[in-house]
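Below is structure_5.tsv, which holds TSV, C-alpha atoms.
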```tsv
chain	number	residue	atom	x	y	z
A	139	MET	CA	0.00	0.00	0.00
A	140	PRO	CA	1.49	3.34	-0.93
A	141	ASP	CA	2.48	5.76	1.80
A	142	ARG	CA	-0.30	8.27	2.35
A	143	ARG	CA	0.73	11.73	3.36
A	144	GLN	CA	-1.41	13.72	5.69
A	145	PRO	CA	-2.40	17.15	4.48
A	146	ASP	CA	-0.82	19.99	6.40
A	147	SER	CA	-3.78	22.27	5.83
A	148	PRO	CA	-5.48	23.82	8.87
A	149	THR	CA	-8.86	22.61	7.57
A	150	ASP	CA	-8.05	19.00	8.34
A	151	ASP	CA	-10.74	18.18	10.86
A	152	ASN	CA	-10.07	14.52	11.55
A	153	PRO	CA	-9.79	14.40	15.36
A	154	PHE	CA	-8.32	10.89	15.28
A	155	ALA	CA	-5.48	11.62	12.87
A	156	ALA	CA	-1.94	11.56	14.15
A	157	PRO	CA	-0.21	14.92	14.39
A	158	PRO	CA	2.10	15.84	11.53
A	159	GLU	CA	5.71	14.78	11.81
A	160	GLY	CA	7.83	17.03	13.93
A	161	ARG	CA	4.94	18.46	15.96
A	162	PRO	CA	4.57	17.20	19.55
A	163	ASP	CA	1.34	15.74	20.85
A	164	GLN	CA	-1.11	18.29	22.22
A	165	PRO	CA	-3.74	17.84	24.91
A	166	TRP	CA	-7.32	17.46	23.77
A	167	GLN	CA	-9.26	20.63	23.02
A	168	PRO	CA	-12.80	21.05	21.74
A	169	ARG	CA	-13.03	21.03	17.98
A	170	SER	CA	-13.39	24.45	16.40
A	171	ASP	CA	-15.38	25.23	13.28
A	172	GLY	CA	-14.09	27.04	10.24
A	173	ASP	CA	-15.08	30.45	11.59
A	174	GLY	CA	-12.26	30.55	14.07
A	175	GLY	CA	-13.81	28.51	16.83
A	176	ASN	CA	-16.94	28.27	18.78
A	177	ARG	CA	-16.55	31.49	20.74
A	178	ASP	CA	-19.72	31.49	22.83
A	179	GLY	CA	-19.45	27.88	24.02
A	180	ASN	CA	-22.69	26.74	22.44
A	181	GLY	CA	-22.72	23.35	20.80
A	182	PRO	CA	-24.36	22.48	17.50
A	183	GLY	CA	-27.63	21.68	19.24
A	184	ASP	CA	-27.83	24.84	21.31
A	185	SER	CA	-30.10	27.66	20.30
A	186	GLY	CA	-27.25	30.17	20.32
A	187	GLY	CA	-25.28	28.40	17.59
A	188	GLN	CA	-28.23	27.84	15.22
A	189	ARG	CA	-26.03	25.51	13.18
A	190	GLY	CA	-28.28	22.49	13.48
A	191	PRO	CA	-31.52	21.31	15.00
A	192	ALA	CA	-31.76	21.00	18.75
A	193	ARG	CA	-31.25	17.57	20.17
A	194	TRP	CA	-33.58	15.62	22.42
A	195	ASP	CA	-33.76	17.46	25.73
A	196	PRO	CA	-35.39	15.28	28.41
A	197	THR	CA	-35.76	18.27	30.74
A	198	ASP	CA	-38.07	20.08	28.30
A	199	PRO	CA	-41.68	19.13	29.13
A	200	ILE	CA	-42.90	19.78	25.57
A	201	GLN	CA	-40.44	17.36	24.01
A	202	ARG	CA	-41.01	14.81	26.76
A	203	ARG	CA	-44.80	14.91	26.35
A	204	ALA	CA	-44.54	14.61	22.58
A	205	ARG	CA	-42.49	11.42	22.94
A	206	TYR	CA	-44.79	10.10	25.68
A	207	ALA	CA	-47.79	10.71	23.41
A	208	LEU	CA	-46.24	8.70	20.61
A	209	LEU	CA	-45.26	5.78	22.84
A	210	ALA	CA	-48.52	5.65	24.81
A	211	GLY	CA	-50.63	5.93	21.64
A	212	MET	CA	-48.68	3.17	19.92
A	213	TRP	CA	-48.94	0.81	22.90
A	214	GLY	CA	-52.61	1.67	23.40
A	215	PHE	CA	-53.27	0.73	19.78
A	216	PHE	CA	-51.44	-2.59	20.22
A	217	PHE	CA	-53.38	-3.40	23.40
A	218	GLY	CA	-56.62	-2.58	21.57
A	219	ILE	CA	-55.71	-4.94	18.73
A	220	PHE	CA	-54.63	-7.73	21.09
A	221	GLY	CA	-57.96	-7.63	22.93
A	222	ILE	CA	-57.15	-5.75	26.14
A	223	PRO	CA	-59.42	-2.74	25.69
A	224	SER	CA	-59.15	-1.37	29.24
A	225	VAL	CA	-55.37	-0.86	28.96
A	226	GLY	CA	-55.77	0.44	25.40
A	227	LEU	CA	-58.35	2.97	26.57
A	228	LEU	CA	-56.13	4.16	29.43
A	229	LEU	CA	-53.04	4.53	27.24
A	230	GLY	CA	-55.09	6.17	24.48
A	231	ALA	CA	-56.47	8.75	26.90
A	232	LEU	CA	-53.01	9.49	28.28
A	233	ALA	CA	-51.57	9.82	24.77
A	234	LEU	CA	-54.39	12.17	23.80
A	235	TYR	CA	-53.67	14.35	26.83
A	236	TRP	CA	-49.90	14.37	26.28
A	237	GLY	CA	-50.23	15.06	22.55
A	238	ILE	CA	-52.54	18.02	23.06
A	239	THR	CA	-50.43	19.51	25.85
A	240	ALA	CA	-47.29	19.07	23.74
A	241	LEU	CA	-48.84	20.96	20.85
A	242	ARG	CA	-50.27	23.73	23.03
A	243	GLY	CA	-47.78	23.89	25.89
A	244	LYS	CA	-45.36	26.65	26.79
A	245	PRO	CA	-41.64	26.02	26.35
A	246	ALA	CA	-39.40	25.57	29.39
A	247	ALA	CA	-37.75	28.97	28.83
A	248	ALA	CA	-40.88	31.01	28.11
A	249	THR	CA	-40.28	34.73	27.96
A	250	GLY	CA	-43.83	35.70	28.83
A	251	GLU	CA	-44.12	38.21	26.00
A	252	PRO	CA	-47.61	38.37	24.47
A	253	GLY	CA	-46.34	38.05	20.89
A	254	ALA	CA	-43.88	35.23	21.60
A	255	PRO	CA	-44.56	31.89	19.89
A	256	ARG	CA	-46.15	29.23	22.05
A	257	GLY	CA	-45.91	25.46	22.18
A	258	LEU	CA	-43.70	23.67	19.73
A	259	ASP	CA	-43.44	26.81	17.59
A	260	ALA	CA	-41.16	28.30	20.25
A	261	LEU	CA	-38.54	25.63	19.48
A	262	GLY	CA	-38.10	26.94	15.95
A	263	PRO	CA	-36.71	24.47	13.39
A	264	ALA	CA	-36.16	21.87	16.11
A	265	ALA	CA	-39.92	21.53	16.57
A	266	ARG	CA	-40.48	19.41	13.48
A	267	PRO	CA	-39.63	15.99	14.96
A	268	GLN	CA	-41.45	16.82	18.19
A	269	ARG	CA	-44.55	17.99	16.30
A	270	THR	CA	-44.45	14.80	14.23
A	271	ALA	CA	-44.24	12.71	17.39
A	272	ALA	CA	-47.12	14.60	19.02
A	273	VAL	CA	-49.38	14.35	15.96
A	274	SER	CA	-48.54	10.66	15.51
A	275	GLY	CA	-49.37	10.14	19.17
A	276	LEU	CA	-52.73	11.84	18.66
A	277	VAL	CA	-53.53	9.65	15.66
A	278	THR	CA	-52.58	6.40	17.38
A	279	ALA	CA	-54.38	7.51	20.56
A	280	SER	CA	-57.53	8.13	18.55
A	281	LEU	CA	-57.25	4.67	17.00
A	282	ALA	CA	-56.67	3.06	20.41
A	283	ILE	CA	-59.71	4.80	21.88
A	284	LEU	CA	-61.79	3.83	18.84
A	285	LEU	CA	-60.76	0.17	19.18
A	286	ALA	CA	-61.52	0.15	22.91
A	287	MET	CA	-64.90	1.83	22.46
A	288	SER	CA	-65.89	-0.52	19.63
A	289	SER	CA	-64.95	-3.50	21.82
A	290	TYR	CA	-67.09	-2.17	24.66
A	291	ALA	CA	-69.94	-1.40	22.26
A	292	LEU	CA	-69.88	-4.99	20.94
A	293	GLN	CA	-69.99	-6.34	24.47
A	294	LEU	CA	-72.92	-4.07	25.30
A	295	VAL	CA	-74.93	-4.79	22.14
A	296	TYR	CA	-74.38	-8.56	22.29
A	297	LYS	CA	-74.51	-8.83	26.07
A	298	ASP	CA	-76.85	-11.83	26.00
A	299	PHE	CA	-74.38	-13.78	23.88
A	300	TYR	CA	-71.43	-12.99	26.15
A	301	VAL	CA	-73.37	-13.89	29.32
A	302	CYS	CA	-74.57	-17.14	27.75
A	303	ARG	CA	-71.08	-18.07	26.59
A	304	ASP	CA	-69.49	-17.27	29.97
A	305	ASP	CA	-72.15	-19.25	31.87
A	306	ALA	CA	-72.02	-22.33	29.63
A	307	LEU	CA	-70.64	-25.40	31.36
A	308	THR	CA	-70.24	-27.66	28.33
A	309	LYS	CA	-69.16	-27.21	24.74
A	310	ALA	CA	-72.66	-28.09	23.51
A	311	ALA	CA	-74.18	-25.37	25.70
A	312	GLU	CA	-71.56	-22.91	24.45
A	313	LEU	CA	-72.42	-23.75	20.82
A	314	GLN	CA	-76.11	-23.14	21.63
A	315	CYS	CA	-75.24	-19.48	22.37
A	316	ASN	CA	-74.56	-18.90	18.65
A	317	THR	CA	-78.32	-18.59	18.10
A	318	LEU	CA	-78.20	-15.23	19.95
A	319	LEU	CA	-75.96	-13.70	17.26
A	320	PRO	CA	-77.18	-12.05	14.04
A	321	ASP	CA	-76.64	-13.67	10.63
A	322	ASN	CA	-74.08	-11.14	9.39
A	323	PHE	CA	-70.33	-10.62	9.40
A	324	VAL	CA	-70.22	-9.65	13.09
A	325	GLY	CA	-72.09	-12.81	14.03
A	326	GLU	CA	-69.69	-14.95	12.02
A	327	VAL	CA	-66.68	-13.34	13.72
A	328	LEU	CA	-68.05	-13.66	17.27
A	329	GLN	CA	-69.60	-17.13	17.06
A	330	VAL	CA	-68.22	-20.02	19.04
A	331	ARG	CA	-66.33	-22.48	16.84
A	332	GLN	CA	-66.69	-26.23	17.10
```
Write out the structure in this file as structure tokens.
Amino acid sequence: MPDRRQPDSPTDDNPFAAPPEGRPDQPWQPRSDGDGGNRDGNGPGDSGGQRGPARWDPTDPIQRRARYALLAGMWGFFFGIFGIPSVGLLLGALALYWGITALRGKPAAATGEPGAPRGLDALGPAARPQRTAAVSGLVTASLAILLAMSSYALQLVYKDFYVCRDDALTKAAELQCNTLLPDNFVGEVLQVRQ
């Protein structure tokens, strides 16, 4: 393999490269950008630098609630699909609350000015992933609540069938409960199989 020479230019920003020949090792220092260094001490995720989007800040209640809304809504939807409507309803309600408060909430460092942006708009360009998480949490929360409510509605409408099936002592008695169901798609889905 041919000998590769390291460039001696000051723009070489590989922090793991060996120092050029003849120069002694130096202690570690924070990397500086091309503008002569990061003078104010703000990192790329800080609002002072404005070089990139802000990172996940677990101390910010808006960002935390947006993530909670997404997770609770997703798990509420899964519990609704897997047939545990009470947990799905609880998680859906929590996700709905967290999603709405994330979209309408005040940022951690609110200035209190009447014209200042509120909620996720106060985060500026960093609000996009948090807004997406909050809206996705609202959508999945709505689906989880819809699944739970439809499960409870089925149990209420076909209460006689469920009581008969739960009280049946034999398989023949359980099959007799199918006569309490309608002759449509719902009846075919709910009926006791042989």
Do you have the atom CA of Trp166 of chain A-atom CA of Thr197 of chain A distance handy?
29.3 Å
What is the distance between atom CA of Thr317 of chain A and atom CA of Arg303 of chain A, in Å to one decimal?
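About the pair atom CA of Thr317 of chain A and atom CA of Arg303 of chain A: they are 11.2 Å apart.
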Quick check, in Å to one decimal: how far apart do atom CA of Pro196 of chain A and atom CA of Ser224 of chain A lie?
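Straight-line distance from atom CA of Pro196 of chain A to atom CA of Ser224 of chain A works out to 29.0 Å.
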Shell of 9 Å around Phe216 of chain A, only C-alpha atoms, local chain residues under 6 positions omitted, as a ChimeraX atom specification
/A:222,226,282
Given the point (-47.6, 17.1, 17.6) in the file's coordinates, find the residues that have an atom at most 7 Å from it, counting all atoms listed in the file, and give them as a VMD selection string.
chain A and resid 204 237 240 to 241 268 to 274
List the spatial neighbours of Arg205 of chain A as a list in words - criterion: any atom at most 8 Å away, all atoms listed in the file, same-chain residues fewer than 2 positions off excluded.
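Near neighbours after the sequence-gap exclusion: Gln201, Arg202, Arg203, Ala207, Leu208, Leu209, Gln268, Ala271, Ala272 and Gly275 of chain A.
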Counting all atoms listed in the file, which of A:Ile200, A:Ile238, A:Ile219, A:Ala231 gets nearest to Ile283 of chain A?
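With all atoms listed in the file as the atom set, the closest residue is A:Ala231.
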Tyr206 of chain A: which residues within 7 Å, counting all atoms listed in the file, same-chain residues fewer than 4 positions away excluded, as a ChimeraX atom specification?
/A:202,210,233,236
Hey, what's within 12 Å of Leu292 of chain A if we count all atoms listed in the file and toss same-chain stuff fewer than 3 positions away? As a list in words, please?
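Here the qualifying residues turn out to be Pro223, Leu285, Ala286, Met287, Ser288, Ser289, Val295, Tyr296, Lys297, Asp298, Phe299, Tyr300, Leu319, Val324, Gly325, Val327 and Leu328 of chain A.
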Find the spatial neighbours of Arg331 of chain A, counting all atoms listed in the file, within a cut-off of 12 Å - ignore same-chain residues fewer than 5 positions away - and output them as a PyMOL selection string.
chain A and resi 303+309-310+312-316+325-326
